[in-house]
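Student: Below is the structure I would like to discuss, written out as structure tokens.
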Amino acid sequence: MAINVGYFLRESVVNFRRNWVMSLGAVITIYLSLLLVGVSMVLGVIVSEIVQSVEDKVSIQIFLKDGAATEDVEALQGWLLADAMVDTVNYVSKEDALERFKEEMAGSPEIVENIRENPLPASLDVTLTDPRQVQEMVDKIKVNETFLKICDRPDEPEESLKYGQQIVDRLFAFTRIIRLIGVVFVAMLAVVSLIFINNTIRLAIYSRRKEIGIMRLVGASNWFIRAPFLLEGVMQSLLGAALAILTIVAVQAAVMPRLQEAVLFLPVDVAATTMIQLALVLVVAGVTIGLLGAGFALRRYLKV
Amino acid sequence: MISMRGVEKYYVPNEPALAEVNVEIEAGEFVFLVGHSGSGKSTFIRLLQRELLPTGGQIIVAGQDIVRLKNWKVPYLRRNIGCVFQDFKLLPNKTSYENVAFALEVIGRSKHVIRTQVPEVLRLVGLEDKMESYPDELSGGEQQRVSIARAFVNRPPILLADEPTGNLDPATSLGIMSLFNRINKTGTTVLVATHDREMVDSMRKRVIALESGHIIRDQHRGVYGYGD
């Protein structure tokens, strides 16, 4: 077997060099498609991290009327915590609310200065285990009796609730579209790469048809004849995958710190384990494309 | 060694390339297959190599029913059959030595086997001085010797030759035929398709004559034919 591996490698390299223009074309298309796969994976990770961080901020605020009885507040808090949909409940007093408001408005001191007495209500900040259930939870809260008793505006209980259902909905729609576009592009490029590899292997087969004829004549086994061509397809796609991985790593190293600087409030960091997974995915995808493309060509153009 | 029973081959319906072919060739025989162009000689040879499958009938080569042979086993059948062609089929970018070595290399023989067997077989065909020559530096006869060396280097029990002297002058052809004779003497079954009348007449071997796909004569110590 040791002789065979050396032989196959030598043959593949010779094939590659004979048709280096076509081979280069194949490598470049695989490179581009895998690069796109990689970039869309990285973007996917970043987007879902952003969605996550926004979701974390999606909470239900229940505004309480001034002077609400402590036991009522505690009862409501207890009722909320008992619900499976609720993750945390946080009591924010009138003073805390004012502090927060002052911090947020630090840019416009004239507003802060004009506040004579505290106009802000106390509130309960509720976060949910699944942010998509916001609407459901809100509907539940609205009919709770304790809530109706101590809410800031008993005449219009609706107004005592603040929540970000729309933000969540839009974000989900947006990420779905992004993912869909990514998948379509990647699929198209994968097809182009397949065609390219198919063509280079066809040329390689054509340029070696005499050798192949003699190999069949003297009884070289079918896989012995096929192996160098399959190996050539795999080598082309591995080369493309390697280039794609290098590019993504380089771009990440160059761009990420600046991006992080520009958008401080959002997390755009990609973990090292994610990068390793990405590299693995690209290599596996590349080898699959290479084997498939070469396999098609062998089926069609190499009768053994 | 070779047995064909009721073999027929149609490329187009109702026009047999071969029909009602019944032939038994024993191990160690030397057989000429003669006939005009289009009489079915090449079809005959290609059926034995399993390049083609017959439309009907049974073919046994080296103990194997090659009609029922699975595709992946065909290469192993071919290792038992050496083949020589009119156009030599040598690789132009390889020397004589490399051309012969290639045949062993691609069936996975070790380097040691290659280094000992290739020079030996090239000596057998009388090309020990031309081992490093490329095909275009060799005469037609010498190229055919390289191709015979390649066919025989693996010591197959059967050697098939399709018009091996078709491109060669009579004197050179004689040399090639005596080479086949020597190979036959080692116990190899040799089947030569040819329309070289003088050759067939001078060798006095078994002759199978084909005409439009039918065997019209099968004669031991035969001659080419009675004039045509």
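Ordering of the structure tokens sets the chain letters (A, B, ...), residue numbers begin anew at 1 in every chain, and ligands are numbered from 1 in the order given.
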Kindly provide the residues of chain B that approach chain A to within 7 Å, each paired with its closest atom pair and their distance in Å to one decimal, based on only C-alpha atoms, listed by chain and increasing number, as a tab-separated table.
Tutor:
```
residue	atom	partner	partner_atom	distance
B:Trp72	CA	A:Asn222	CA	6.7
B:Pro75	CA	A:Gly219	CA	4.0
B:Tyr76	CA	A:Gly219	CA	5.9
B:Arg78	CA	A:Gly219	CA	4.8
B:Arg79	CA	A:Gly219	CA	4.9
B:Ala103	CA	A:Val218	CA	5.9
B:Val106	CA	A:Ala220	CA	5.3
B:Ile107	CA	A:Ala220	CA	4.8
```
Student: Emit the selected residues as a PDB file, in the first residue's frame, including N, CA and C atoms.
Tutor:
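Final output, selection_23.pdb:
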```pdb
ATOM      1  N   TRP B  72     -16.159  -5.593 -11.170  1.00  0.00           N
ATOM      2  CA  TRP B  72     -14.946  -5.266 -10.411  1.00  0.00           C
ATOM      3  C   TRP B  72     -13.910  -6.377 -10.503  1.00  0.00           C
ATOM      4  N   PRO B  75     -10.658  -6.563 -13.956  1.00  0.00           N
ATOM      5  CA  PRO B  75      -9.212  -6.299 -13.968  1.00  0.00           C
ATOM      6  C   PRO B  75      -8.384  -7.533 -13.638  1.00  0.00           C
ATOM      7  N   TYR B  76      -8.890  -8.361 -12.706  1.00  0.00           N
ATOM      8  CA  TYR B  76      -8.115  -9.543 -12.314  1.00  0.00           C
ATOM      9  C   TYR B  76      -8.106 -10.580 -13.430  1.00  0.00           C
ATOM     10  N   ARG B  78      -8.058  -9.669 -16.565  1.00  0.00           N
ATOM     11  CA  ARG B  78      -7.135  -9.136 -17.565  1.00  0.00           C
ATOM     12  C   ARG B  78      -5.681  -9.339 -17.185  1.00  0.00           C
ATOM     13  N   ARG B  79      -5.421  -9.543 -15.891  1.00  0.00           N
ATOM     14  CA  ARG B  79      -4.035  -9.821 -15.500  1.00  0.00           C
ATOM     15  C   ARG B  79      -3.590 -11.183 -16.022  1.00  0.00           C
ATOM     16  N   ALA B 103       3.159  -1.360 -16.490  1.00  0.00           N
ATOM     17  CA  ALA B 103       2.163  -2.441 -16.428  1.00  0.00           C
ATOM     18  C   ALA B 103       2.219  -3.165 -15.088  1.00  0.00           C
ATOM     19  N   VAL B 106       1.021  -0.543 -12.022  1.00  0.00           N
ATOM     20  CA  VAL B 106      -0.401  -0.272 -11.823  1.00  0.00           C
ATOM     21  C   VAL B 106      -1.178  -1.495 -11.348  1.00  0.00           C
ATOM     22  N   ILE B 107      -0.559  -2.679 -11.326  1.00  0.00           N
ATOM     23  CA  ILE B 107      -1.270  -3.779 -10.680  1.00  0.00           C
ATOM     24  C   ILE B 107      -0.654  -4.041  -9.312  1.00  0.00           C
TER      25      ILE B 107
END
```
Student: Pull the alpha helix (DSSP H) assignments for chain B out of DSSP run on the backbone, and list those residues as a PyMOL selection string.
Tutor: chain B and resi 41-49+74-78+96-105+111-124+140-152+170-185+197-203
Student: So that I can check the surroundings of segment 192-200 of chain B, please list as a list in words every protein, DNA and RNA residue that reaches within 7 Å of it, counting only C-alpha atoms and ignoring chain neighbours fewer than 5 positions away.
Tutor: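 Once the adjacent positions are removed, what remains is Val31, Phe32, Leu33, Val34, Gly35, His36, Lys41, Leu160, Ala161, Asp162, Glu163, Val223 and Tyr224 of chain B.
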Student: Using DSSP on the backbone, list every residue of segment 117-158 of chain A that comes out as strand (DSSP E), and give them as a list of chain:residue names.
Tutor: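 After running DSSP on the backbone, segment 117-158 of chain A has strand (DSSP E) at A:Ala122, A:Ser123, A:Leu124, A:Asp125, A:Val126, A:Thr127, A:Leu128.
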Student: Store the residues picked out above, limited to N, CA and C atoms, as a PDB file, in the first residue's frame.
Tutor:
```pdb
ATOM      1  N   ALA A 122     -42.699  53.426  40.866  1.00  0.00           N
ATOM      2  CA  ALA A 122     -41.914  52.220  41.141  1.00  0.00           C
ATOM      3  C   ALA A 122     -42.347  51.145  40.145  1.00  0.00           C
ATOM      4  N   SER A 123     -41.516  50.111  39.956  1.00  0.00           N
ATOM      5  CA  SER A 123     -41.911  49.100  38.981  1.00  0.00           C
ATOM      6  C   SER A 123     -41.341  47.729  39.342  1.00  0.00           C
ATOM      7  N   LEU A 124     -41.945  46.716  38.724  1.00  0.00           N
ATOM      8  CA  LEU A 124     -41.385  45.365  38.791  1.00  0.00           C
ATOM      9  C   LEU A 124     -40.857  45.038  37.392  1.00  0.00           C
ATOM     10  N   ASP A 125     -39.580  44.735  37.297  1.00  0.00           N
ATOM     11  CA  ASP A 125     -39.015  44.352  35.987  1.00  0.00           C
ATOM     12  C   ASP A 125     -39.007  42.833  35.891  1.00  0.00           C
ATOM     13  N   VAL A 126     -39.724  42.339  34.882  1.00  0.00           N
ATOM     14  CA  VAL A 126     -39.861  40.895  34.739  1.00  0.00           C
ATOM     15  C   VAL A 126     -39.095  40.430  33.500  1.00  0.00           C
ATOM     16  N   THR A 127     -38.168  39.497  33.647  1.00  0.00           N
ATOM     17  CA  THR A 127     -37.546  38.893  32.463  1.00  0.00           C
ATOM     18  C   THR A 127     -38.077  37.468  32.326  1.00  0.00           C
ATOM     19  N   LEU A 128     -38.148  37.017  31.066  1.00  0.00           N
ATOM     20  CA  LEU A 128     -38.755  35.717  30.794  1.00  0.00           C
ATOM     21  C   LEU A 128     -37.690  34.705  30.361  1.00  0.00           C
TER      22      LEU A 128
END
```
Student: Which residue out of A:Asp169, A:Leu302, A:Ile60, A:Arg100 has the minimum interatomic distance to Ile212 of chain A when only C-alpha atoms are used?
Tutor: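 Among A:Asp169, A:Leu302, A:Ile60, A:Arg100, it is A:Leu302 that comes nearest to Ile212 of chain A.
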Student: Between atom CA of Thr186 of chain B and atom CA of Arg204 of chain B, measure the distance and give it in Å to one decimal.
Tutor: 18.5 Å
Student: Please indicate the distance in Å from atom CA of Val5 of chain A to atom CA of Ala101 of chain B, rounded to one decimal place.
Tutor: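 Result for atom CA of Val5 of chain A versus atom CA of Ala101 of chain B: 17.5 Å, one decimal.
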Student: Which residue gives the smallest distance to Ser207 of chain A among A:Val138, A:Tyr301, A:Met41, A:Val92, with only C-alpha atoms counted?
Tutor: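 The shortest atom-to-atom distance to Ser207 of chain A comes from A:Tyr301.
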Student: Need to verify the contact set: Gln144 of chain B, 12 Å, only C-alpha atoms, exclusion of same-chain residues closer than 2 positions in sequence. Can you return it as an MDAnalysis selection string?
Tutor: chainID B and resid 83:90 96 99:100 122 125:127 135 138:142 146:151 161:168 172:173 175:177 179:180
Student: Find the residue from B:Arg145, B:Leu53, B:Ser3, B:Leu18 that sits nearest to Ser39 of chain B; use only C-alpha atoms when measuring.
Tutor: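 Smallest separation from Ser39 of chain B among the options: B:Leu18.
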Student: Return the single residue from B:Leu159, B:Ile208, B:Leu91, B:Val12 that is closest to Thr55 of chain B, with distances computed using only C-alpha atoms.
Tutor: B:Val12
Student: Mind checking which residues fall within 8 Å of Thr200 of chain A, counting only C-alpha atoms, ignoring those fewer than 2 positions away in the same chain, and posting them as a list in words?
Tutor: Asn19, Met22, Ser23, Ala26, Phe196, Ile197, Asn198, Arg202, Leu203 and Ala204 of chain A
Student: Any idea what the distance is between atom CA of Lys94 of chain A and atom CA of Ser160 of chain A?
Tutor: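 Answer for the atom CA of Lys94 of chain A to atom CA of Ser160 of chain A separation: 14.6 Å.
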Student: Can you work out which one of B:Glu15, B:Gly187, B:Val153, B:Phe30 has the shortest atom-to-atom distance to Glu105 of chain B, counting only C-alpha atoms?
Tutor: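 Going through B:Glu15, B:Gly187, B:Val153, B:Phe30 one by one, the smallest distance to Glu105 of chain B is for B:Val153.
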Student: Which neighbours of Leu36 of chain A fall inside 9 Å, counting only C-alpha atoms, when residues of the same chain fewer than 2 positions from it are skipped, and could you give them as a PyMOL selection string?
Tutor: chain A and resi 31-34+38-41+182+185-186+189+244
Student: For the residues selected in the previous step, produce a file with N, CA and C atoms as a PDB file, in the first residue's frame.
Tutor:
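Contents of selection.pdb, as written:
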```pdb
ATOM      1  N   TYR A  31     -12.793  27.992  -3.010  1.00  0.00           N
ATOM      2  CA  TYR A  31     -12.363  28.962  -2.014  1.00  0.00           C
ATOM      3  C   TYR A  31     -13.465  29.980  -1.749  1.00  0.00           C
ATOM      4  N   LEU A  32     -14.005  30.552  -2.848  1.00  0.00           N
ATOM      5  CA  LEU A  32     -15.034  31.580  -2.684  1.00  0.00           C
ATOM      6  C   LEU A  32     -16.284  31.025  -2.017  1.00  0.00           C
ATOM      7  N   SER A  33     -16.714  29.819  -2.455  1.00  0.00           N
ATOM      8  CA  SER A  33     -17.952  29.315  -1.857  1.00  0.00           C
ATOM      9  C   SER A  33     -17.747  28.961  -0.395  1.00  0.00           C
ATOM     10  N   LEU A  34     -16.594  28.366  -0.078  1.00  0.00           N
ATOM     11  CA  LEU A  34     -16.358  28.034   1.329  1.00  0.00           C
ATOM     12  C   LEU A  34     -16.164  29.300   2.154  1.00  0.00           C
ATOM     13  N   GLY A  38     -18.196  30.237   5.355  1.00  0.00           N
ATOM     14  CA  GLY A  38     -17.549  30.637   6.605  1.00  0.00           C
ATOM     15  C   GLY A  38     -18.029  31.987   7.088  1.00  0.00           C
ATOM     16  N   VAL A  39     -18.046  32.963   6.158  1.00  0.00           N
ATOM     17  CA  VAL A  39     -18.468  34.310   6.547  1.00  0.00           C
ATOM     18  C   VAL A  39     -19.908  34.294   7.049  1.00  0.00           C
ATOM     19  N   SER A  40     -20.779  33.542   6.337  1.00  0.00           N
ATOM     20  CA  SER A  40     -22.169  33.564   6.790  1.00  0.00           C
ATOM     21  C   SER A  40     -22.306  32.838   8.124  1.00  0.00           C
ATOM     22  N   MET A  41     -21.421  31.840   8.366  1.00  0.00           N
ATOM     23  CA  MET A  41     -21.469  31.199   9.686  1.00  0.00           C
ATOM     24  C   MET A  41     -21.040  32.171  10.772  1.00  0.00           C
ATOM     25  N   GLY A 182     -28.316  33.428   3.018  1.00  0.00           N
ATOM     26  CA  GLY A 182     -27.040  32.732   3.151  1.00  0.00           C
ATOM     27  C   GLY A 182     -27.105  31.332   2.563  1.00  0.00           C
ATOM     28  N   PHE A 185     -27.285  31.362  -1.314  1.00  0.00           N
ATOM     29  CA  PHE A 185     -25.999  31.692  -1.921  1.00  0.00           C
ATOM     30  C   PHE A 185     -25.026  30.523  -1.828  1.00  0.00           C
ATOM     31  N   VAL A 186     -24.960  29.952  -0.658  1.00  0.00           N
ATOM     32  CA  VAL A 186     -24.025  28.850  -0.449  1.00  0.00           C
ATOM     33  C   VAL A 186     -24.378  27.675  -1.359  1.00  0.00           C
ATOM     34  N   LEU A 189     -23.254  28.472  -4.914  1.00  0.00           N
ATOM     35  CA  LEU A 189     -21.808  28.372  -5.072  1.00  0.00           C
ATOM     36  C   LEU A 189     -21.326  26.927  -4.993  1.00  0.00           C
ATOM     37  N   ALA A 244      -9.791  29.511   2.468  1.00  0.00           N
ATOM     38  CA  ALA A 244     -10.958  30.150   3.076  1.00  0.00           C
ATOM     39  C   ALA A 244     -10.752  30.314   4.575  1.00  0.00           C
TER      40      ALA A 244
END
```
Student: Using only C-alpha atoms, which residues sit within 12 Å of segment 247-263 of chain A once same-chain residues fewer than 3 positions away are excluded, as a count of residues only?
Tutor: 32
Student: Between A:Ile289, A:Asp87, A:Gly233, A:Phe174, which one has atoms that come closest to Phe16 of chain A, using only C-alpha atoms?
Tutor: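 So, comparing all the options, the nearest one is A:Gly233.
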